[in-house]
Amino acid sequence: MKKIILSILILFLTLNIVSAQIQDTTKVETVYRAEREKINDLVHTKLKVSFDYAKSQMAGEAWITLKPHFYPVQTVTLDAKGMLIHKVSRDGKALKYDYDGNKLSIKLDNLFVKDEEYTLHITYTARPEEVTQEGSAAISDAKGLYFIDPLETDPDKPTQIWTQGETEASSCWFPTIDSPNQKTTQEIYMTVPNKYVTLSNGLLESQTENGDGTRTDYWNFDKPHAPYLFFMGVGDFAIVKDTWNDIAVDYYVEKEYEPYAKEIFGNTPEMLTFFSELTGIEYPWQKYAQIVCRDYVSGAMENTTAVIHAENANQTSGQLIDTNVWENTIAHEAIHHWFGNLVTAESWSNLSMNESFANYSEYLWQEYKYGKDYADAHRYDDVQGYFMGGNESKKLVRFHYGSREDMFDAVSYNKGGAILHMLRHYLGDKAFFAGLKEYLISNKYQTGEAHQLRLALEEISGKDLNPFFNQWFFDSGHPKLNVSYIYNDENKSVTVLIKQTTDKVFEFPLDIDVYENGVAERYKINVKNKEEKFTIKYKTKPQLINIDADKILLAEIKDEKPIDNYIYQYNNKKANFLDRRNAIEILAADQDNKEAYKTLMNALNDKYYGLRILALDKIDVSKDKSTLKIIENLATSDDKTLVKAKAIKVLGKLDDKKYANIFKEATKSKSYSVKSNAIAALYKIDKGAALDKVVAITNPLDKKGMLNGLLPVYVNERLSQEMPFIADKIISGLFFNQDPEVQALYGQAFQWIATSDNLKATKNMVDDFVAKANQYKKYGADAIIKQMLQQVQAGKEQLNSSNKEELIAIVKQGIADIK
């Protein structure tokens with residue numbers, strides 16, 4: 001599961017989220033979340049299903065094969081949420097059962113002993129709209145089975161069906177023991193209209209025409225996996241075919257994205273090779289398919305051999321030339337086929353055995369494919385996400401939590417990935433990856449917990465890892481350090497003072513590089529006390545003392561170094577990404593210092609494009625006219641389109657007509673970021689020319705990709721024909737975008753639509769408001785969005801328009817639809 005960390009991005013929800021976390025702390029500590037007891041074990045699941053589009057329901061038959069785990073059994077309890085149960089039988093004989101809407105308790109007609117298999121036949125109707133369990137920030141809904149525009153009433157949305165099983169929502173569409181510590185093989189017969197294609201786990205063995213406009217597809221999956229990994233997808237998809245080592249690698253996308261599918265997903269075969277070699281275990285499944293679905297309730301999900309992605313994965317060449325924003329997610333879901341699917345976390349308390357590895361896979365892929373700077377930049381963002389999330393009281397492996405959904409947070413993901421990075425550094429690459437292979441082989445097609453990982457790594461490395469696991473896996477928080485220096489020029493020595501500012505004292509190894517005359521000497525120390533100090537002798541005063549030299553430690557460090565040290569830190573040839581990034585941030589606050597400013601100018605040509613963008617964002621161009629020459633060169637000649645776009649944005653803020661030709665030329669770019677920033681910049685100095693460029697952009701995919709750049713023209717020029725297009729993007733623009741200028745434009749767009757008589761735009765905006773309010777209700781979005789809709793209603797009531805009453809009715813209905 002790829003988690004979208006909304007608590008960081010949605011500024012208007014932050015206080016509510018943190019408050020909820022604080023309020024939950026005392027409650028969750030009293031509840032122990034045990035691994036679910038195994039009374040019966042799943043063996044095989046066979047399903048026959050068909051869909052009632054009019055009712056958003058599914059008719060199902062299930063043959064569930066089980067066996068007692070150890071003790072003899074005469075009853076079995078299955079999870080079956082919100083269903084109608086029509087009949088339960090075994091070998092044709094009806095069985096007695098009790099059903100409360102969530103649990104199906106069946107009295108067996110025999111006493112079964114360990115390893116004695118029995119098969120239940122259940123006919124039922126799945127009714128996802130009757131499911132009452134709630135989702136979370138990571139997985140916003142939990143009804144298991146989803147009908148998207150089933151009556152084909154929305155011209156802007158295709159009809160689709162898809163499922164989402166994690167955490168325990170597969171039991172909303174078939175009876176099962178819905179627990180991650182169960183494993184079952186499966187067969188699914190899916191009857192669908194002939195016009196649709198289907199996707200499920202395993203291989204498509206046959207397709208049978210039924211003669212009534214429907215077809216039955218038979219999908220067979222012969223290896224055991226957890227029930228939450230079951231998947232069905234139905235819709236009018238293009239199937240773009242690829243291969244890896246003679247197995248099918250297919251991409252299911254809406255037909256308008258068919259030309260771009262291999263650009264989006266084309267690295268998948270290389271990822272399967274990379275992760276096979278990295279883990280030492282060849283990809284263990286029959287195929288690898290990926291599908292992009294509408295209105296998906298999370299980022300993506302690693303259903304075995306049938307990964308589902310949210311529509312954010314859809315991109316065109318104009319976006320992909322900038323960067324494939326979904327590539328990390330593609331890698332994340334791929335590695336889950338080892339960590340999560342092959343070996344599954346035995347309980348949600350041990351979710352890190354799935355998600356920490358998936359998070360770290362993003363780093364590993366970037367390091368391999370694009371280099372260490374790329375990977376370190378990604379890790380920096382992840383670590384900041386953990387620091388900002390109010391997560392210090394949460395353990396990585398935690399047996400106390402309010403809801404299992406709460407485990408999908410920046411601890412299980414971001415912090416877990418950072419801890420694995422530290423563990424890799426501590427053990428060394430050979431031992432670390434050999435240990436992962438041992439863990440996967442020892443627990444293949446079974447479940448795993450943190451102690452099994454520890455034992456595998458200890459077996460390979462020979463090290464006692466209990467102290468590491470106790471501190472990082474089974475305890476909470478992270479070090480916060482204040483570092484200061486006392487120089488004694490007479491004795492030619494420097495004393496480094498390290499103070500831990502948290503109540504909890506951490507123990508960790510720390511590497512410190514001391515630079516004299518451009519040469520670094522490394523000192524390895526072990527920090528274990530609240531305050532530590534050690535003294536280093538030198539011949540010439542050090543140019544830099546670099547704490548945590550390789551930037552491995554998960555810690556917040558305040559380092560009281562003088563400005564000249566940061567200047568050296570950036571310019572040092574050995575400086576890694578985090579050293580250079582930190583130096584840019586510090587030097588940007590002291591741009592009156594000529595050497596500091598000169599270093600920032602150097603950073604405009606940093607080898608990593610992300611730091612060129614950061615330097616563009618930080619540098620004060622008024623300090624030195626020669627800076628503008630560098631930026632002009634970046635705007636026209638940089639090899640990364642995102643750098644070009646940022647340079648154009650910087651030049652655009654100057655409102656100088658001399659850059660008109662640069663902007664006009666940039667509007668011809670294939671890159672959406674370059675083109676949209678150029679239009680926005682051109683609009684400030686030549687509205688007519690910018691308007692001509694905007695009006696010429698008619699392809700909806702192009703407009704969607706460049707919306708932030710087109711928005712100033714759309715809003716300021718009141719281009720009413722574009723009002724419906726931007727109406728359902730208001731909430732995302734206001735609260736998911738971190739650029740204050742862009743947020744302000746969406747605020748203007750909101751007021752524009754709120755006071756207009758445009759029916760289509762009003763309905764689009766209201767529908768989106770209602771969807772977002774219900775999706776993020778847990779964090780108070782419903783109350784805030786309802787207030788916004790009340791403002792819209794007030795705006796409509798002031799209109800002098802023939803459709804005034806219809807507009808008001810749309811808004812009132814929207815307010816009523818917020819649950």
# chains A, B, ... in the order shown; residues from 1 in each chain; ligands from 1

$ closest_atom_pairs --of "segment 633-704 of chain A" --to "segment 315-323 of chain A" --cutoff "8 Å" --atoms "only C-alpha atoms" --output "Markdown table"
| residue | atom | partner | partner_atom | distance |
| --- | --- | --- | --- | --- |
| A:Lys640 | CA | A:Asp322 | CA | 7.2 |
| A:Thr641 | CA | A:Asp322 | CA | 5.5 |
| A:Leu642 | CA | A:Asp322 | CA | 5.8 |
| A:Lys670 | CA | A:Gly318 | CA | 5.5 |
| A:Ser671 | CA | A:Gly318 | CA | 4.6 |
| A:Tyr672 | CA | A:Gly318 | CA | 5.0 |
| A:Ser673 | CA | A:Asp322 | CA | 7.0 |
| A:Leu701 | CA | A:Thr316 | CA | 7.4 |
| A:Asp702 | CA | A:Gly318 | CA | 7.6 |

$ select_by_dssp --residues "segment 290-335 of chain A" --states "helix (DSSP H, G or I)" --output "list in words"
Glu311, Asn312, Ala313, Ser317, Gly318, Gln319, Leu320, Glu327, Asn328, Thr329, Ile330, Ala331, His332, Glu333, Ala334 and Ile335 of chain A

$ write_last_selection --atoms "all heavy atoms" --output "mmCIF file, in the first residue's frame"
data_model
loop_
_atom_site.group_PDB
_atom_site.id
_atom_site.type_symbol
_atom_site.label_atom_id
_atom_site.label_comp_id
_atom_site.auth_asym_id
_atom_site.auth_seq_id
_atom_site.Cartn_x
_atom_site.Cartn_y
_atom_site.Cartn_z
ATOM 1 N N GLU A 311 -5.665 7.263 -10.086
ATOM 2 C CA GLU A 311 -5.560 7.919 -11.397
ATOM 3 C C GLU A 311 -4.455 8.967 -11.441
ATOM 4 O O GLU A 311 -4.094 9.448 -12.520
ATOM 5 C CB GLU A 311 -6.900 8.548 -11.787
ATOM 6 C CG GLU A 311 -7.419 9.601 -10.835
ATOM 7 C CD GLU A 311 -8.894 9.883 -11.085
ATOM 8 O OE1 GLU A 311 -9.194 10.687 -11.991
ATOM 9 O OE2 GLU A 311 -9.734 9.317 -10.370
ATOM 10 N N ASN A 312 -3.856 9.291 -10.281
ATOM 11 C CA ASN A 312 -2.682 10.171 -10.281
ATOM 12 C C ASN A 312 -1.536 9.574 -11.087
ATOM 13 O O ASN A 312 -0.633 10.291 -11.522
ATOM 14 C CB ASN A 312 -2.186 10.420 -8.849
ATOM 15 C CG ASN A 312 -3.276 10.915 -7.928
ATOM 16 O OD1 ASN A 312 -4.214 10.184 -7.653
ATOM 17 N ND2 ASN A 312 -3.160 12.128 -7.446
ATOM 18 N N ALA A 313 -1.567 8.257 -11.277
ATOM 19 C CA ALA A 313 -0.533 7.611 -12.081
ATOM 20 C C ALA A 313 -0.618 8.036 -13.540
ATOM 21 O O ALA A 313 0.388 8.011 -14.255
ATOM 22 C CB ALA A 313 -0.660 6.089 -11.976
ATOM 23 N N SER A 317 3.165 12.666 -22.002
ATOM 24 C CA SER A 317 4.578 12.938 -22.302
ATOM 25 C C SER A 317 5.010 14.307 -21.772
ATOM 26 O O SER A 317 6.152 14.494 -21.357
ATOM 27 C CB SER A 317 4.811 12.864 -23.812
ATOM 28 O OG SER A 317 4.557 11.564 -24.289
ATOM 29 N N GLY A 318 4.088 15.263 -21.774
ATOM 30 C CA GLY A 318 4.415 16.598 -21.287
ATOM 31 C C GLY A 318 4.749 16.634 -19.816
ATOM 32 O O GLY A 318 5.516 17.491 -19.364
ATOM 33 N N GLN A 319 4.161 15.721 -19.049
ATOM 34 C CA GLN A 319 4.509 15.595 -17.630
ATOM 35 C C GLN A 319 5.724 14.692 -17.443
ATOM 36 O O GLN A 319 6.606 14.980 -16.627
ATOM 37 C CB GLN A 319 3.311 15.012 -16.863
ATOM 38 C CG GLN A 319 2.097 15.923 -16.825
ATOM 39 C CD GLN A 319 0.844 15.147 -16.458
ATOM 40 O OE1 GLN A 319 0.286 14.415 -17.272
ATOM 41 N NE2 GLN A 319 0.397 15.304 -15.228
ATOM 42 N N LEU A 320 5.753 13.604 -18.174
ATOM 43 C CA LEU A 320 6.804 12.604 -17.978
ATOM 44 C C LEU A 320 8.180 13.107 -18.371
ATOM 45 O O LEU A 320 9.195 12.633 -17.845
ATOM 46 C CB LEU A 320 6.448 11.342 -18.764
ATOM 47 C CG LEU A 320 5.237 10.587 -18.214
ATOM 48 C CD1 LEU A 320 4.673 9.641 -19.266
ATOM 49 C CD2 LEU A 320 5.607 9.826 -16.951
ATOM 50 N N GLU A 327 6.802 7.026 -10.301
ATOM 51 C CA GLU A 327 7.790 5.959 -10.396
ATOM 52 C C GLU A 327 8.124 5.347 -9.037
ATOM 53 O O GLU A 327 8.311 4.132 -8.916
ATOM 54 C CB GLU A 327 9.062 6.460 -11.077
ATOM 55 C CG GLU A 327 10.055 5.356 -11.379
ATOM 56 C CD GLU A 327 11.174 5.804 -12.293
ATOM 57 O OE1 GLU A 327 11.065 6.876 -12.923
ATOM 58 O OE2 GLU A 327 12.165 5.069 -12.394
ATOM 59 N N ASN A 328 8.201 6.177 -8.007
ATOM 60 C CA ASN A 328 8.468 5.638 -6.677
ATOM 61 C C ASN A 328 7.359 4.697 -6.234
ATOM 62 O O ASN A 328 7.611 3.662 -5.594
ATOM 63 C CB ASN A 328 8.628 6.770 -5.661
ATOM 64 C CG ASN A 328 9.959 7.482 -5.795
ATOM 65 O OD1 ASN A 328 10.978 6.856 -6.074
ATOM 66 N ND2 ASN A 328 9.962 8.786 -5.607
ATOM 67 N N THR A 329 6.125 5.055 -6.552
ATOM 68 C CA THR A 329 4.997 4.204 -6.192
ATOM 69 C C THR A 329 5.069 2.878 -6.931
ATOM 70 O O THR A 329 4.777 1.812 -6.364
ATOM 71 C CB THR A 329 3.671 4.920 -6.511
ATOM 72 O OG1 THR A 329 3.628 6.155 -5.801
ATOM 73 C CG2 THR A 329 2.482 4.063 -6.121
ATOM 74 N N ILE A 330 5.456 2.917 -8.195
ATOM 75 C CA ILE A 330 5.586 1.683 -8.980
ATOM 76 C C ILE A 330 6.629 0.768 -8.349
ATOM 77 O O ILE A 330 6.414 -0.448 -8.209
ATOM 78 C CB ILE A 330 5.931 2.024 -10.445
ATOM 79 C CG1 ILE A 330 4.777 2.811 -11.087
ATOM 80 C CG2 ILE A 330 6.221 0.761 -11.238
ATOM 81 C CD1 ILE A 330 5.128 3.448 -12.419
ATOM 82 N N ALA A 331 7.756 1.334 -7.930
ATOM 83 C CA ALA A 331 8.788 0.545 -7.248
ATOM 84 C C ALA A 331 8.279 0.021 -5.911
ATOM 85 O O ALA A 331 8.526 -1.136 -5.537
ATOM 86 C CB ALA A 331 10.042 1.392 -7.051
ATOM 87 N N HIS A 332 7.585 0.871 -5.185
ATOM 88 C CA HIS A 332 7.042 0.534 -3.865
ATOM 89 C C HIS A 332 6.149 -0.704 -3.946
ATOM 90 O O HIS A 332 6.287 -1.645 -3.148
ATOM 91 C CB HIS A 332 6.247 1.755 -3.370
ATOM 92 C CG HIS A 332 5.646 1.630 -2.018
ATOM 93 N ND1 HIS A 332 6.043 2.401 -0.953
ATOM 94 C CD2 HIS A 332 4.633 0.864 -1.553
ATOM 95 C CE1 HIS A 332 5.312 2.104 0.107
ATOM 96 N NE2 HIS A 332 4.442 1.173 -0.233
ATOM 97 N N GLU A 333 5.232 -0.712 -4.928
ATOM 98 C CA GLU A 333 4.315 -1.845 -5.048
ATOM 99 C C GLU A 333 5.030 -3.085 -5.578
ATOM 100 O O GLU A 333 4.638 -4.223 -5.248
ATOM 101 C CB GLU A 333 3.142 -1.485 -5.957
ATOM 102 C CG GLU A 333 2.376 -0.223 -5.557
ATOM 103 C CD GLU A 333 1.968 -0.185 -4.094
ATOM 104 O OE1 GLU A 333 1.712 -1.262 -3.505
ATOM 105 O OE2 GLU A 333 1.910 0.915 -3.512
ATOM 106 N N ALA A 334 6.060 -2.891 -6.385
ATOM 107 C CA ALA A 334 6.800 -4.049 -6.912
ATOM 108 C C ALA A 334 7.496 -4.810 -5.795
ATOM 109 O O ALA A 334 7.388 -6.047 -5.707
ATOM 110 C CB ALA A 334 7.802 -3.587 -7.964
ATOM 111 N N ILE A 335 8.212 -4.109 -4.901
ATOM 112 C CA ILE A 335 8.952 -4.818 -3.849
ATOM 113 C C ILE A 335 8.012 -5.491 -2.865
ATOM 114 O O ILE A 335 8.368 -6.468 -2.197
ATOM 115 C CB ILE A 335 9.920 -3.852 -3.104
ATOM 116 C CG1 ILE A 335 10.978 -4.639 -2.303
ATOM 117 C CG2 ILE A 335 9.141 -2.952 -2.159
ATOM 118 C CD1 ILE A 335 11.955 -5.381 -3.132
#

$ residues_around --residues "Leu104 of chain A" --least-positions-apart "5" --cutoff "6 Å" --atoms "only C-alpha atoms" --output "number ranges by chain"
A: 77-78, 98-99

$ residues_around --residues "segment 535-543 of chain A" --least-positions-apart "5" --cutoff "8 Å" --atoms "only C-alpha atoms" --output "PyMOL selection string"
chain A and resi 489+491-496+514-518+564-565+568

$ residues_around --residues "Gly144 of chain A" --least-positions-apart "3" --cutoff "6 Å" --atoms "only C-alpha atoms" --output "list of chain:residue names"
A:Thr163, A:Gln164, A:Gly165, A:Ala169, A:Ser170, A:Cys172

$ residues_around --residues "segment 796-803 of chain A" --least-positions-apart "4" --cutoff "12 Å" --atoms "only C-alpha atoms" --output "list of chain:residue names"
A:Gln751, A:Trp752, A:Ile753, A:Ala754, A:Thr755, A:Ser756, A:Asp757, A:Asn758, A:Leu759, A:Lys760, A:Thr762, A:Leu789, A:Gln790, A:Gln791, A:Val792, A:Leu807, A:Ile808, A:Ala809, A:Ile810, A:Val811, A:Lys812

$ closest_residue --among "A:Glu438, A:Asp550, A:Asp295, A:Asp52" --to "Ala771 of chain A" --atoms "only C-alpha atoms"
A:Asp295

$ residues_around --residues "Gln471 of chain A" --least-positions-apart "6" --cutoff "10 Å" --atoms "only C-alpha atoms" --output "CSV table (one decimal) with N, CA and C atoms, in the first residue's frame"
chain,number,residue,atom,x,y,z
A,395,LYS,N,5.8,3.7,18.4
A,395,LYS,CA,6.8,2.7,18.1
A,395,LYS,C,6.6,2.2,16.7
A,396,LEU,N,7.7,1.7,16.1
A,396,LEU,CA,7.6,1.2,14.8
A,396,LEU,C,6.8,-0.1,14.8
A,477,GLY,N,10.4,7.4,19.1
A,477,GLY,CA,11.2,8.6,19.1
A,477,GLY,C,12.5,8.5,18.3
A,478,HIS,N,13.3,9.5,18.4
A,478,HIS,CA,14.6,9.6,17.7
A,478,HIS,C,15.4,10.6,18.4
A,506,PHE,N,19.3,8.1,23.8
A,506,PHE,CA,19.6,7.1,22.7
A,506,PHE,C,21.1,6.7,22.7
A,507,GLU,N,21.3,5.5,22.3
A,507,GLU,CA,22.7,5.0,22.1
A,507,GLU,C,22.9,4.7,20.6
A,508,PHE,N,23.9,5.2,20.0
A,508,PHE,CA,24.1,5.0,18.6
A,508,PHE,C,25.6,5.3,18.2
